[in-house]
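Shown next, in structure tokens, is the structure this report addresses.
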Amino acid sequence: MDRRSFIKKAGIGAGGVAAGSMLAAPAIAQGTKEMVIVSTWPRDFPGLGIPAQRLAARIAELTAGRLNVQYFAAGERVGAFDSFDEVASGNAQAYIGADYYWKGKHPGWAAFTAVPFGLTQAEMDAWIKYGGGQELWDELAGEFGLKNLAMGNTGVQMGGWFNKEIETADDLKGLKMRIPGQGGDVMAKLGASPVSLPGGQIYENLVSGAIDATEWVGPFNDYFMKFYEAAKYYYYPGMHEPGAMLALGMNKAFWDGLDKVDQQIIVAACAEENSNTIAETNANNGKYLNRLINEHGVELREFSDEIYDSFGEAAQEVLEEAMDHSALSKKIFESVINARQEIGSYMAISDIAYSNKRNRYLGIPK
């Protein structure tokens, strides 16, 4: 079985709901609007592609055919990284992806996926809904003719797969690593060579030696990518994506042309999938980490404090450079910093403190 077939079969069996080859186009009734959705991930892709398909199917279901939803995975209509322009131009009505892919268009986009040393999933959710994050997202997206909503989160990601042990920050120098977003900028400051690749191209580049390391998401997602065939060492915790938020980005003219009921249906469907995705991820990561270690001999490693301090210093430089870009970028990242301080300080004495003390008493290992 080739790898593409494996991923497709594995994805269907991994607890996700896989749409068929394409959402069936219902008979178009009078007043029906087209909603073509393009994705940055392959079809039936465990952990990311399947939630995108679930959301597309849910919007079609809840609008009872008023929106004629057609879903195209990466490469089926446009390439993964062409999704933004396809929607901003009006050639499609929506994309599903990670908005840090577009940081080359404006650094502020990174804040709405993940910032190194930034917000965890719970902190991100609070910031977007009640900390001014959605309003800033609307302001940035509006400059590109878009309207964006949160539709998923991966939680704290793993630090990545490496074909050698990383004992000091010097070991990162010269390393070719697939890592997009501001995390890639951090790695560059430490002497690595970051590469941005769509998910469907990572495995072949890792196996061929075109890259030496890669991050992806976490054990649930990474297991089906079979990275263990090319890299032995699996590092944690990732500093680059502490709570990576996924997005439904819609053409704003399309969004503004919807009636209020259908707008609220899309908002509700996104909120539902936002909850489902992190729940599915958390439910599966431990199980698949055990399989990686016990069945495939993967060696779990923790980044040292010295390496993490180096990450932190580089991340601060990256953040300051992003803030220097424009008034809007400064406003966005200042808001992230404020949320990190205010929300994070309470999380330190609530969720984090409780988990640490519970796990110590019960002997739950890292």
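Ligands are numbered from 1 in the order shown, chains are lettered A, B, ... in the order of the structure tokens, and residues start at 1 in each chain.
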
Test item, helix (DSSP H, G or I) assignment across segment 173-287 of chain A, answer as a PyMOL selection string: chain A and resi 181-189+199-208+219-223+227-229+252-256+260-287

Excluding same-chain residues fewer than 6 positions from Leu149 of chain A, what lies within 10 Å of it counting only C-alpha atoms, as a list in words? Ile96, Phe112, Ile128, Gln134, Trp137, Asp138, Met245, Leu246, Ala247, Leu248, Gly249, Met250, Ile266, Val267, Cys270, Ala271 and Asn274 of chain A

Filtered DSSP result for segment 81-274 of chain A, state strand (DSSP E or B), as a ChimeraX atom specification: /A:94-97,146-153,160-162,176-178,193-195,213-214,233-236,245-251

Near Ile364 of chain A, within 10 Å and counting only C-alpha atoms, which residues show up once chain neighbours fewer than 6 positions away are dropped, as a ChimeraX atom specification? /A:355-356,358

Export of the given selection (all heavy atoms) as a PDB file, in the first residue's frame:
ATOM      1  N   SER A 355      -2.683  20.560  37.652  1.00  0.00           N
ATOM      2  CA  SER A 355      -2.164  19.407  36.916  1.00  0.00           C
ATOM      3  C   SER A 355      -0.823  18.949  37.485  1.00  0.00           C
ATOM      4  O   SER A 355      -0.580  17.743  37.649  1.00  0.00           O
ATOM      5  CB  SER A 355      -2.008  19.744  35.429  1.00  0.00           C
ATOM      6  OG  SER A 355      -3.266  19.961  34.832  1.00  0.00           O
ATOM      7  N   ASN A 356       0.043  19.892  37.792  1.00  0.00           N
ATOM      8  CA  ASN A 356       1.358  19.528  38.324  1.00  0.00           C
ATOM      9  C   ASN A 356       1.247  18.811  39.665  1.00  0.00           C
ATOM     10  O   ASN A 356       1.915  17.802  39.915  1.00  0.00           O
ATOM     11  CB  ASN A 356       2.229  20.778  38.468  1.00  0.00           C
ATOM     12  CG  ASN A 356       2.716  21.303  37.131  1.00  0.00           C
ATOM     13  OD1 ASN A 356       2.722  20.587  36.132  1.00  0.00           O
ATOM     14  ND2 ASN A 356       3.127  22.563  37.105  1.00  0.00           N
ATOM     15  N   ARG A 358      -1.509  17.305  40.962  1.00  0.00           N
ATOM     16  CA  ARG A 358      -2.220  16.038  40.776  1.00  0.00           C
ATOM     17  C   ARG A 358      -1.280  14.968  40.238  1.00  0.00           C
ATOM     18  O   ARG A 358      -1.223  13.841  40.749  1.00  0.00           O
ATOM     19  CB  ARG A 358      -3.388  16.236  39.805  1.00  0.00           C
ATOM     20  CG  ARG A 358      -4.187  14.959  39.525  1.00  0.00           C
ATOM     21  CD  ARG A 358      -5.016  15.079  38.280  1.00  0.00           C
ATOM     22  NE  ARG A 358      -4.171  15.206  37.091  1.00  0.00           N
ATOM     23  CZ  ARG A 358      -4.658  15.436  35.864  1.00  0.00           C
ATOM     24  NH1 ARG A 358      -5.952  15.596  35.685  1.00  0.00           N
ATOM     25  NH2 ARG A 358      -3.828  15.524  34.836  1.00  0.00           N
TER      26      ARG A 358
END

Between atom CA of Glu204 of chain A and atom CA of Pro180 of chain A, what is the distance in Å, rounded to a tenth?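 Those two atoms sit 17.2 Å apart.
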
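By only C-alpha atoms, and with residues fewer than 5 positions from Gly145 of chain A along its chain excluded, the set lying at most 9 Å from it is Val87, Ala88, Ser89, Met250, Asn251, Lys252 and Ala253 of chain A.
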
Go ahead and write the residues just picked, N, CA, C and O atoms, as a PDB file, in the first residue's frame.
ATOM      1  N   VAL A  87      -9.453  32.787  -2.432  1.00  0.00           N
ATOM      2  CA  VAL A  87     -10.617  33.306  -1.721  1.00  0.00           C
ATOM      3  C   VAL A  87     -10.647  34.834  -1.728  1.00  0.00           C
ATOM      4  O   VAL A  87     -11.699  35.443  -1.941  1.00  0.00           O
ATOM      5  N   ALA A  88      -9.502  35.456  -1.511  1.00  0.00           N
ATOM      6  CA  ALA A  88      -9.460  36.924  -1.518  1.00  0.00           C
ATOM      7  C   ALA A  88      -9.899  37.473  -2.874  1.00  0.00           C
ATOM      8  O   ALA A  88     -10.531  38.534  -2.952  1.00  0.00           O
ATOM      9  N   SER A  89      -9.587  36.740  -3.944  1.00  0.00           N
ATOM     10  CA  SER A  89      -9.962  37.185  -5.293  1.00  0.00           C
ATOM     11  C   SER A  89     -11.420  36.933  -5.617  1.00  0.00           C
ATOM     12  O   SER A  89     -11.950  37.474  -6.598  1.00  0.00           O
ATOM     13  N   MET A 250     -13.298  33.503   4.928  1.00  0.00           N
ATOM     14  CA  MET A 250     -14.307  33.685   3.885  1.00  0.00           C
ATOM     15  C   MET A 250     -14.107  34.995   3.137  1.00  0.00           C
ATOM     16  O   MET A 250     -13.660  35.997   3.716  1.00  0.00           O
ATOM     17  N   ASN A 251     -14.453  34.971   1.855  1.00  0.00           N
ATOM     18  CA  ASN A 251     -14.483  36.210   1.089  1.00  0.00           C
ATOM     19  C   ASN A 251     -15.519  37.132   1.738  1.00  0.00           C
ATOM     20  O   ASN A 251     -16.661  36.728   1.968  1.00  0.00           O
ATOM     21  N   LYS A 252     -15.113  38.359   2.057  1.00  0.00           N
ATOM     22  CA  LYS A 252     -15.997  39.235   2.833  1.00  0.00           C
ATOM     23  C   LYS A 252     -17.258  39.626   2.065  1.00  0.00           C
ATOM     24  O   LYS A 252     -18.337  39.776   2.656  1.00  0.00           O
ATOM     25  N   ALA A 253     -17.144  39.791   0.757  1.00  0.00           N
ATOM     26  CA  ALA A 253     -18.338  40.114  -0.030  1.00  0.00           C
ATOM     27  C   ALA A 253     -19.338  38.961   0.046  1.00  0.00           C
ATOM     28  O   ALA A 253     -20.562  39.189   0.136  1.00  0.00           O
TER      29      ALA A 253
END

Show me, as a PyMOL selection string, the residues that have an atom within 8 Å of segment 212-229 of chain A when counting only C-alpha atoms, minus same-chain residues fewer than 2 positions from it. chain A and resi 6-7+10-11+46-48+154+157-163+175-179+199+202-203+206-207+209-210+231-232+281+284-289+292+296+298

Could you save the residues just selected, with C-alpha atoms, as a PDB file, in the first residue's frame?
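This went into result-v5.pdb:
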ATOM      1  CA  PHE A   6      -2.311   4.522   3.895  1.00  0.00           C
ATOM      2  CA  ILE A   7      -3.074   8.052   5.059  1.00  0.00           C
ATOM      3  CA  ALA A  10      -5.787   5.612   8.439  1.00  0.00           C
ATOM      4  CA  GLY A  11      -7.676   8.867   8.503  1.00  0.00           C
ATOM      5  CA  PRO A  46      -5.979  12.723  10.088  1.00  0.00           C
ATOM      6  CA  GLY A  47      -6.347  15.542  12.609  1.00  0.00           C
ATOM      7  CA  LEU A  48      -6.525  18.448  10.150  1.00  0.00           C
ATOM      8  CA  THR A 154      -4.280  21.592  17.975  1.00  0.00           C
ATOM      9  CA  GLN A 157       2.391  20.962  19.638  1.00  0.00           C
ATOM     10  CA  MET A 158       5.425  18.723  19.847  1.00  0.00           C
ATOM     11  CA  GLY A 159       8.821  20.275  19.227  1.00  0.00           C
ATOM     12  CA  GLY A 160       9.481  18.136  16.191  1.00  0.00           C
ATOM     13  CA  TRP A 161      11.176  15.119  14.640  1.00  0.00           C
ATOM     14  CA  PHE A 162      14.973  15.146  14.357  1.00  0.00           C
ATOM     15  CA  ASN A 163      17.424  12.695  12.837  1.00  0.00           C
ATOM     16  CA  LEU A 175      19.735  22.077  10.279  1.00  0.00           C
ATOM     17  CA  LYS A 176      17.207  22.082   7.423  1.00  0.00           C
ATOM     18  CA  MET A 177      13.849  21.958   9.202  1.00  0.00           C
ATOM     19  CA  ARG A 178      10.300  22.156   7.944  1.00  0.00           C
ATOM     20  CA  ILE A 179       8.766  24.747  10.262  1.00  0.00           C
ATOM     21  CA  GLY A 199       1.654  18.770   4.887  1.00  0.00           C
ATOM     22  CA  ILE A 202       6.808  16.629   4.294  1.00  0.00           C
ATOM     23  CA  TYR A 203       7.290  12.861   4.422  1.00  0.00           C
ATOM     24  CA  LEU A 206      12.253  13.918   5.229  1.00  0.00           C
ATOM     25  CA  VAL A 207      12.846  10.437   3.809  1.00  0.00           C
ATOM     26  CA  GLY A 209      17.116  13.854   3.229  1.00  0.00           C
ATOM     27  CA  ALA A 210      16.050  17.122   1.616  1.00  0.00           C
ATOM     28  CA  ALA A 231      13.616  10.421  12.191  1.00  0.00           C
ATOM     29  CA  LYS A 232      14.176   8.722  15.524  1.00  0.00           C
ATOM     30  CA  THR A 281      -6.690  15.744  19.556  1.00  0.00           C
ATOM     31  CA  ASN A 284      -5.868  10.603  20.890  1.00  0.00           C
ATOM     32  CA  ASN A 285      -2.422  12.076  21.559  1.00  0.00           C
ATOM     33  CA  GLY A 286      -1.544   9.871  24.534  1.00  0.00           C
ATOM     34  CA  LYS A 287      -2.631   6.691  22.781  1.00  0.00           C
ATOM     35  CA  TYR A 288      -0.635   7.405  19.649  1.00  0.00           C
ATOM     36  CA  LEU A 289       2.434   8.555  21.580  1.00  0.00           C
ATOM     37  CA  LEU A 292       5.109   5.535  18.474  1.00  0.00           C
ATOM     38  CA  HIS A 296       8.175   1.959  16.399  1.00  0.00           C
ATOM     39  CA  VAL A 298      10.696   6.410  18.764  1.00  0.00           C
TER      40      VAL A 298
END

Among listed residues A:Gly65, A:Val115, A:Gln341, A:Glu165, nearest His240 of chain A (using only C-alpha atoms):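 Of A:Gly65, A:Val115, A:Gln341, A:Glu165, the one nearest His240 of chain A is A:Val115, counting only C-alpha atoms.
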
Residues near Trp102 of chain A, anyone? I mean within 12 Å using only C-alpha atoms, not counting same-chain ones fewer than 6 positions away, as a list in words. Thr40, Ala80, Phe81, Asp82, Ser83, Phe84, Asp85, Ala88, Gly108, Trp109, Ala110, Ala111, Phe112, Thr113, Leu140, Ala141, Phe144, Pro180, Gly181, Gln182, Ser196, Ala247 and Gly249 of chain A

Residues within 8 Å of Glu272 of chain A, only C-alpha atoms, excluding chain neighbours under 4 positions, as a PDB file with C-alpha atoms, in the first residue's frame:
ATOM      1  CA  MET A 151     -12.680  26.402  13.550  1.00  0.00           C
ATOM      2  CA  ALA A 268     -22.116  28.042  15.283  1.00  0.00           C
ATOM      3  CA  ASN A 276     -14.454  19.015  18.482  1.00  0.00           C
TER       4      ASN A 276
END
